[in-house]
Each structure stands twice: as structure tokens, then as C-alpha cells.
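Note sheet for the following structure.
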There are 2 protein chains.
Amino acid sequence: VPVAQLADAPFLRACRGEPAAHKAVWFMRQAGRALPEYRALREKAGMFEMIRTPELAVEATLQPVRRYGVDAAILFSDIVVPVEALGIGIELKPGVGPVIDQPFRSAADLRRLRPLEPEQDIPYVIETVRALAAELDVPLIGFAGAPFTVASYLVEGGPSRDHARTKSLMHDEPETWRALLDALADISLAALLAQVAAGASAVQLFDSWAGALTPADYREFVLPASARIFAGLADLGVPRIHFGVATGELLGLMAEAGADVVGVDWRVPLADARRRVPDGVALQGNLDPSICLASWPVVAAEATKVLASNGGHPGHVFNLGHGVLPDTDPDTLTRLVELVHASQ
Amino acid sequence: VPVAQLADAPFLRACRGEPAAHKAVWFMRQAGRALPEYRALREKAGMFEMIRTPELAVEATLQPVRRYGVDAAILFSDIVVPVEALGIGIELKPGVGPVIDQPFRSAADLRRLRPLEPEQDIPYVIETVRALAAELDVPLIGFAGAPFTVASYLVEGGPSRDHARTKSLMHDEPETWRALLDALADISLAALLAQVAAGASAVQLFDSWAGALTPADYREFVLPASARIFAGLADLGVPRIHFGVATGELLGLMAEAGADVVGVDWRVPLADARRRVPDGVALQGNLDPSICLASWPVVAAEATKVLASNGGHPGHVFNLGHGVLPDTDPDTLTRLVELVHASQ
């Protein structure tokens, strides 16, 4: 579907704070292990192989749109895809996350990164986005990792409970840190620009672990690099979504970085979150993904509370507060989409 | 030292919101792997064996007081000690946490808990506290797990990223949930009453994972049980500290449960935390423990920011926002105590 025909899609209208024909909903990690058809795909290929094979990445992206009837697709990807394409050795361990062969530990490691040239480095991503844009009749959300969260994986060597090495590098070697974050910002920006050029109608910047930071550290050490990405996208007219968990104290700063839509996890009621961002910034969230493992009456009651907390504000995209858990019953998500669509 | 002589100890004065001779500081998990003398002790005995051997538990409790010169000792313990003493099979896996042999899954599991009789079930804890009270010249903080966090271990079977099973039980079987939390509240209350009777001058209730909950769920499903514990301690005149991480949205509710002191993690500046609790409630925290792995000038600068954010309020106990990380250099903590003591 040509991008122009999607301009009034409920998801894009909600991102812009405009009333829409129905309330928009999609789910982070909607393409994933909760779906039997996804598990069948994954029996044939690993994560990176799927991402590098447009036919498989397209299919994984489309599956939840077909199954759930969500109002947006999100590119099937991982936040480490661009740096892996630049030659950083990374394994995606199931149930763990990205594990880095040789973690970044000093200024010398900066030489291992160079500018991303999407046509050469990630042609399969561009091909996947082009195929999806031609096929989909809902908007496609482009996907990139935010500099802090990608840096945390590179520095820690994998998922981390406390991000202690990352924080030490940030404070003890602020020049190295800034150079690392600026390099990662340029890489993510290039990846997102290529995705929008290929047909993505919105972008989401995943700063999943930013909530581990104090507001002061976020402002000083992280916000400038993320702002650089959002500024580089400003002229494209696509909604820019900014997501993290445990970011209750950072919501205002994440908007200040240049987001049009700020993701909110379940810890902060939407009515409170609304007071922490400027007027005109939309919200996305915020049902606790764990709730989706409870019985349907509980899910319905909790989803209704989320809708009530939003109070009918048009600038709200219904979503979970974090990704779909693998044990989720897909039928629960189908019913959740129906509930949200019937809610206005 | 007799309890009466400790009444003006800086730690207790700060808990009561009273000006003191110097600013009080201690560190959560100050008895732990950051100390070489602790690692030497642990070569001889496992965690439960140490906790059950008063001589070893006393020594582990005293080590950080000697080494760092902190203003309070905290009983060497674990939040699962009382339920383990009641016969629940639990292994404390290093680097992982408590792992439960047979997790709680239904109402039938409630029969596995009975009221705690401290003199019979945990005589070694009482003996340890008595010995510490005789030996210490700073206040001893009693230790117990809060019902939600203990329940999460019992239901999940171990540490959990999302507490999904716990949240499902809470919502799908609210009567079973309430019975479980009330039973755990009574067990923790009995353990704390015994510790105070044996000489503890304050208590800390650890609800480490409560920050995984929405404020609405915390209020409905958790607060009543924790309030039951605090109410049972109200007449003893010992400060009641209430701790959790990622609890920015819960600070007011955690005070409402009956705490005299609310723990604050590093995500919320103390000045903001102060506005979320009633006047007269003291705060404890909130230096990011990861910062203690950076160089001393960074630690000093960040500790100074914490002190500045408190703004000289007498109702503040300096601490980390969570436990000391094992890789922390003990000299950093010694210098941190000196810095805090010199700060007023």
C-alpha cells in the first residue's frame, strides 16, 4: 500500500495525537515465540539467519498482523543487527539475549566501529522493508537500538543486571563514552533513514535499559546521542517512538530528546505519565505483559484500567509495557485487540 | 551495649528525623563478597550453614562494622530463612539467589506453611542477635523479607525477571493469594518481634521486587499484608525501614503501609522522593551501587550529589540504592563512610 494511503491509519493518527476511526493497538515483540507459526519458522533458521533472509523476515513480521489484526507491523529485527553487520561478533542466545565475543573495554575498541552504509551493510533489511511496505495495509514501524542500550551490550558483553561496567566507562572515561555513543547514534540513524526510505511509516528507538540510569546521568551521558538520532529524522514526517522500561523518572527527558511518542511501562499510570511529557507528545503502552498470562477476565479488567487511565486522549497507542512473554496464549492477544478496537 | 545507651546513635536519630552528631551511613549487603574477610568465612561454610551458626553469623555481621565504620549493623540473614526453617526446601545458589525445590502453585501449597515459633524454629537467629546486641556499639537492624517478595520466590521457584506466575496467582486466585501473603506476613512479623526482643534496635522489611508491580496492584494485593507487619511492630518504638527497588511510583504507598523510613533507589532523586512521602517519614539511600565500581573522584562526586539532593534534611540515612556489588573495592566504601561523616 502506498505510504500516502496510510496517512489516516489509526496508528499514525494516534501518534500525531489526532482522533482516529478506532483506537490503535500493537504489541512489542508481537512477532515471537508466543505464536506457533513463529516457532515453526524458527525451527528452520536462527535469529540472524531469519533477519538476513528477507522471505523469512517478511513472514515473521506479517504473522502477528494476520493473526491478531494489530494496527501496525514492526520490522522483525534485533537492536544489535547493525553492529553485527559491521563485524562485531555477536551470538543471539535464546532466553538470554545478545552475547558479544569481545566486549568493548577501552577507547581502542572504538576503531571496531565505522559508519554504517545500509545498501552495502544491511541490504537484506532494506529488501525486507520494501517487500513489507508493498504487502502491508497497516503502517510498518522501523526498528533500531538506542545508543545507551546497544553500548551496554557491547561493554558488558551481554545482558546485565546492573550495567556496572557501562556506568564506570561513562563516568571514568566520558570522552570515550561520548565517542562510542555518537558512533552508535550515527549507525542507528543511518539504519532508520534507510528503513524510512524503503517504506517504513514510523520508527521506534529501543532504549530498553535506560531506566537503569539516574535522571542526571541520562541527561548528561545519553540524551544528547539519542537526540542526534531524532533530529536526523525530524524532516521525514514519520512518528518517532522512544521506548524503555522502568523509565518513570525519565519520561520527560525521553520526550525532550525529540520523540513524538513516549513508551510507558506498567509501573506508571498513563494519567501520571501524561503529566510528565509536554502537551502534544503521545504515549504508548502500558499493560503489564505478565497480566496476559492470567485468565481472560483479568486481562480484560486490566486493559480496561489502562484505557480508563488514558481518559480518552487521542494521543495514545495501546501496547504492552514491554514485549510479549513467550508463554502468552495468542488467543488472549487476539481478544485484547478486539477489546481495544471496541473501546471507542 | 544496652539498647538505652544507643537511643542517641546517629542512625536511630536520622530514622526519627532528628538532627544527630554526624550523618549516619550503612550499606545494604555490607556483609558480603566485596570483603576478603567475608570470602574467607564463606570458604568454610555455605550461606544457610553460616546463618545457622551464631559464631559465623555474628562474625559476618561485625566484619563491615569494623572495616567500614558504618553507623549500623544489619543481621546477616536472607529473606527465605524463616520459610526454610518451616521445612520449605530451598537452595541458595551463589550468583543466582534462592531456588525452591517445589514451588507454590495452588491453595493446597498453603498447608506447607505454619506459624513461625522463633524459639523453636530459628533459635540460632535469636542467639546471633543476642550476641550481637552485647557486642556492638552501633544499632543492629533486624532483617525480614516482605510478603510479596518472599511469595514471588515461592511461586516462581526462584528469581524471576517478570514475576508472571506470581501476578497470575494474585489476579486469578485472589483468595489464595491473600491467604499466602497473610501467612507470610505473620511469619515475618514473628521473626522481627523475636529479633527486637533479642536486642535489635531497628528493623528493615525487604520488598526488593515490589517495584515490578503497578501502584494499583501494590495497593490492592500487597500493601495490606506489609501493613500488618508494621502494625505489629508499632508499639516497640524501633524504626521500621521499608525497602524495594524501582519503586518510584510506590514510595507514598510504602510509607502508608506503616514505615518510619522508606528506602529509595538511585532512579529517584531524594528531593523528588521527599515529595512523595508524608512529612515525618525519613528516607534511606540512594547512591547507585554500580557507581562504587568507578574511580574514587566519580564516587565522591556522585555521593555529594546524593547529599545535595537531600538538602540537609535530618531524616535521611545515607546508603546505596541496592546492595553492595561483589566487585566493589572495600576501600571505596571506607572512603565513602568518611565522606558522609565529614559532610555535616
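To be explicit about the labels: the chains of the C-alpha cells are called A, B, and onward in the order shown, and within each one the residues are counted from 1, while ligands get numbers from 1 in the order they are shown.
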Inset, instruction - Would you please give, as a VMD selection string, all residues of range 58-170 of chain A that DSSP assigns to strand (DSSP E) based on the backbone? - result: chain A and resid 73 to 74 90 to 93 97 to 100 140 to 145
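Within 7 Å of range 61-77 of chain B there are Phe11, Ala24, Val25, Trp26, Gln30, Ala31, Ile51, Ala57, Val58, Glu59, Ile79, Val81, Val138, Pro139, Leu140, Ile141, Gly142, Phe143, Leu333, Thr334 and Val337 of chain B, counting only C-alpha atoms and ignoring same-chain residues fewer than 2 positions away.
Residues within 7 Å of range 304-307 of chain B, counting only C-alpha atoms and excluding same-chain residues fewer than 4 positions away, are Asn286, Leu287, Ala300 and Gly311 of chain B.
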Legend entry - Contact set, chain A to chain B: 7 Å, only C-alpha atoms, as a PyMOL selection string: chain A and resi 162+164+167-168+171-172+213-215+246+249+266-268+290-291+293-295+298
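Excluding Glu127 in chain A and any residue on its chain fewer than 4 positions from it, the residues at most 12 Å away by only C-alpha atoms are Ile51, Arg52, Thr53, Pro54, Glu55, Leu56, Ala57, Val58, Leu75, Pro118, Glu119, Gln120, Ile122, Pro123, Ala131, Leu132, Ala133, Ala134, Ala194, Gln195, Ala197, Ala198, Gly199 and Ala200 of chain A.
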Legend entry - Shell around Thr176 in chain A at 9 Å using only C-alpha atoms, local window under 4 positions removed, as a ChimeraX atom specification: /A:106-107,110,169-170,180-181
Dump all heavy atoms for the selected residues as a JSON list (two decimals), in the first residue's frame?
[["chain", "number", "residue", "atom", "x", "y", "z"],
["A", 106, "SER", "N", 37.75, -0.19, 26.04],
["A", 106, "SER", "CA", 38.60, 1.00, 26.05],
["A", 106, "SER", "C", 38.42, 1.77, 24.75],
["A", 106, "SER", "O", 37.73, 1.32, 23.83],
["A", 106, "SER", "CB", 40.07, 0.58, 26.19],
["A", 106, "SER", "OG", 40.50, -0.01, 24.97],
["A", 107, "ALA", "N", 39.09, 2.91, 24.70],
["A", 107, "ALA", "CA", 38.99, 3.78, 23.52],
["A", 107, "ALA", "C", 39.42, 3.03, 22.26],
["A", 107, "ALA", "O", 38.91, 3.29, 21.16],
["A", 107, "ALA", "CB", 39.85, 5.03, 23.73],
["A", 110, "LEU", "N", 36.88, 1.57, 19.89],
["A", 110, "LEU", "CA", 36.08, 2.42, 19.01],
["A", 110, "LEU", "C", 36.41, 2.17, 17.55],
["A", 110, "LEU", "O", 35.56, 2.34, 16.67],
["A", 110, "LEU", "CB", 36.32, 3.91, 19.34],
["A", 110, "LEU", "CG", 35.69, 4.38, 20.65],
["A", 110, "LEU", "CD1", 36.16, 5.79, 20.98],
["A", 110, "LEU", "CD2", 34.17, 4.34, 20.52],
["A", 169, "LEU", "N", 32.50, 3.12, 32.66],
["A", 169, "LEU", "CA", 33.09, 3.72, 31.45],
["A", 169, "LEU", "C", 32.55, 5.13, 31.24],
["A", 169, "LEU", "O", 33.29, 6.08, 30.98],
["A", 169, "LEU", "CB", 32.78, 2.84, 30.23],
["A", 169, "LEU", "CG", 33.33, 3.35, 28.89],
["A", 169, "LEU", "CD1", 34.86, 3.29, 28.87],
["A", 169, "LEU", "CD2", 32.77, 2.56, 27.71],
["A", 170, "MET", "N", 31.26, 5.26, 31.37],
["A", 170, "MET", "CA", 30.57, 6.55, 31.21],
["A", 170, "MET", "C", 31.18, 7.63, 32.10],
["A", 170, "MET", "O", 31.45, 8.75, 31.67],
["A", 170, "MET", "CB", 29.10, 6.29, 31.60],
["A", 170, "MET", "CG", 28.17, 7.43, 31.62],
["A", 170, "MET", "SD", 26.55, 6.85, 32.32],
["A", 170, "MET", "CE", 25.95, 5.82, 31.01],
["A", 180, "LEU", "N", 31.78, 6.76, 21.69],
["A", 180, "LEU", "CA", 31.07, 5.49, 21.45],
["A", 180, "LEU", "C", 29.58, 5.76, 21.18],
["A", 180, "LEU", "O", 29.01, 5.25, 20.21],
["A", 180, "LEU", "CB", 31.23, 4.57, 22.67],
["A", 180, "LEU", "CG", 30.43, 3.27, 22.66],
["A", 180, "LEU", "CD1", 30.81, 2.39, 21.47],
["A", 180, "LEU", "CD2", 30.65, 2.49, 23.97],
["A", 181, "LEU", "N", 28.97, 6.59, 22.02],
["A", 181, "LEU", "CA", 27.54, 6.84, 21.82],
["A", 181, "LEU", "C", 27.25, 7.60, 20.53],
["A", 181, "LEU", "O", 26.25, 7.33, 19.86],
["A", 181, "LEU", "CB", 26.93, 7.55, 23.04],
["A", 181, "LEU", "CG", 26.10, 6.54, 23.86],
["A", 181, "LEU", "CD1", 27.00, 5.49, 24.48],
["A", 181, "LEU", "CD2", 25.19, 7.19, 24.85]]
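Coordinates place CA of Ala179 in chain B at a distance of 11.8 Å from CA of Arg114 in chain B.
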Inset, instruction - From range 13-208 of chain A, collect each residue whose DSSP state is helix (DSSP H, G or I) and return the set as number ranges by chain. - result: A: 13-15, 36-44, 47-52, 54-68, 81-85, 107-112, 118-121, 123-135, 147-156, 164-172, 174-197
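When only C-alpha atoms are used to compute distances to Phe104 in chain A, the closest of the residues A:Gly157, A:Pro314, A:Gly89, A:Gly145 turns out to be A:Gly157.
CA of Ala301 in chain B is found 23.3 Å from CA of Ala282 in chain B.
Between CA of Pro19 in chain B and CA of His313 in chain B lies a distance of 8.5 Å.
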Inset, instruction - Find the residues around Ala85 in chain A up to 9 Å (only C-alpha atoms counted), leave out those fewer than 5 positions away in its own chain, and share them as a PyMOL selection string. - result: chain A and resi 80+116+121-122
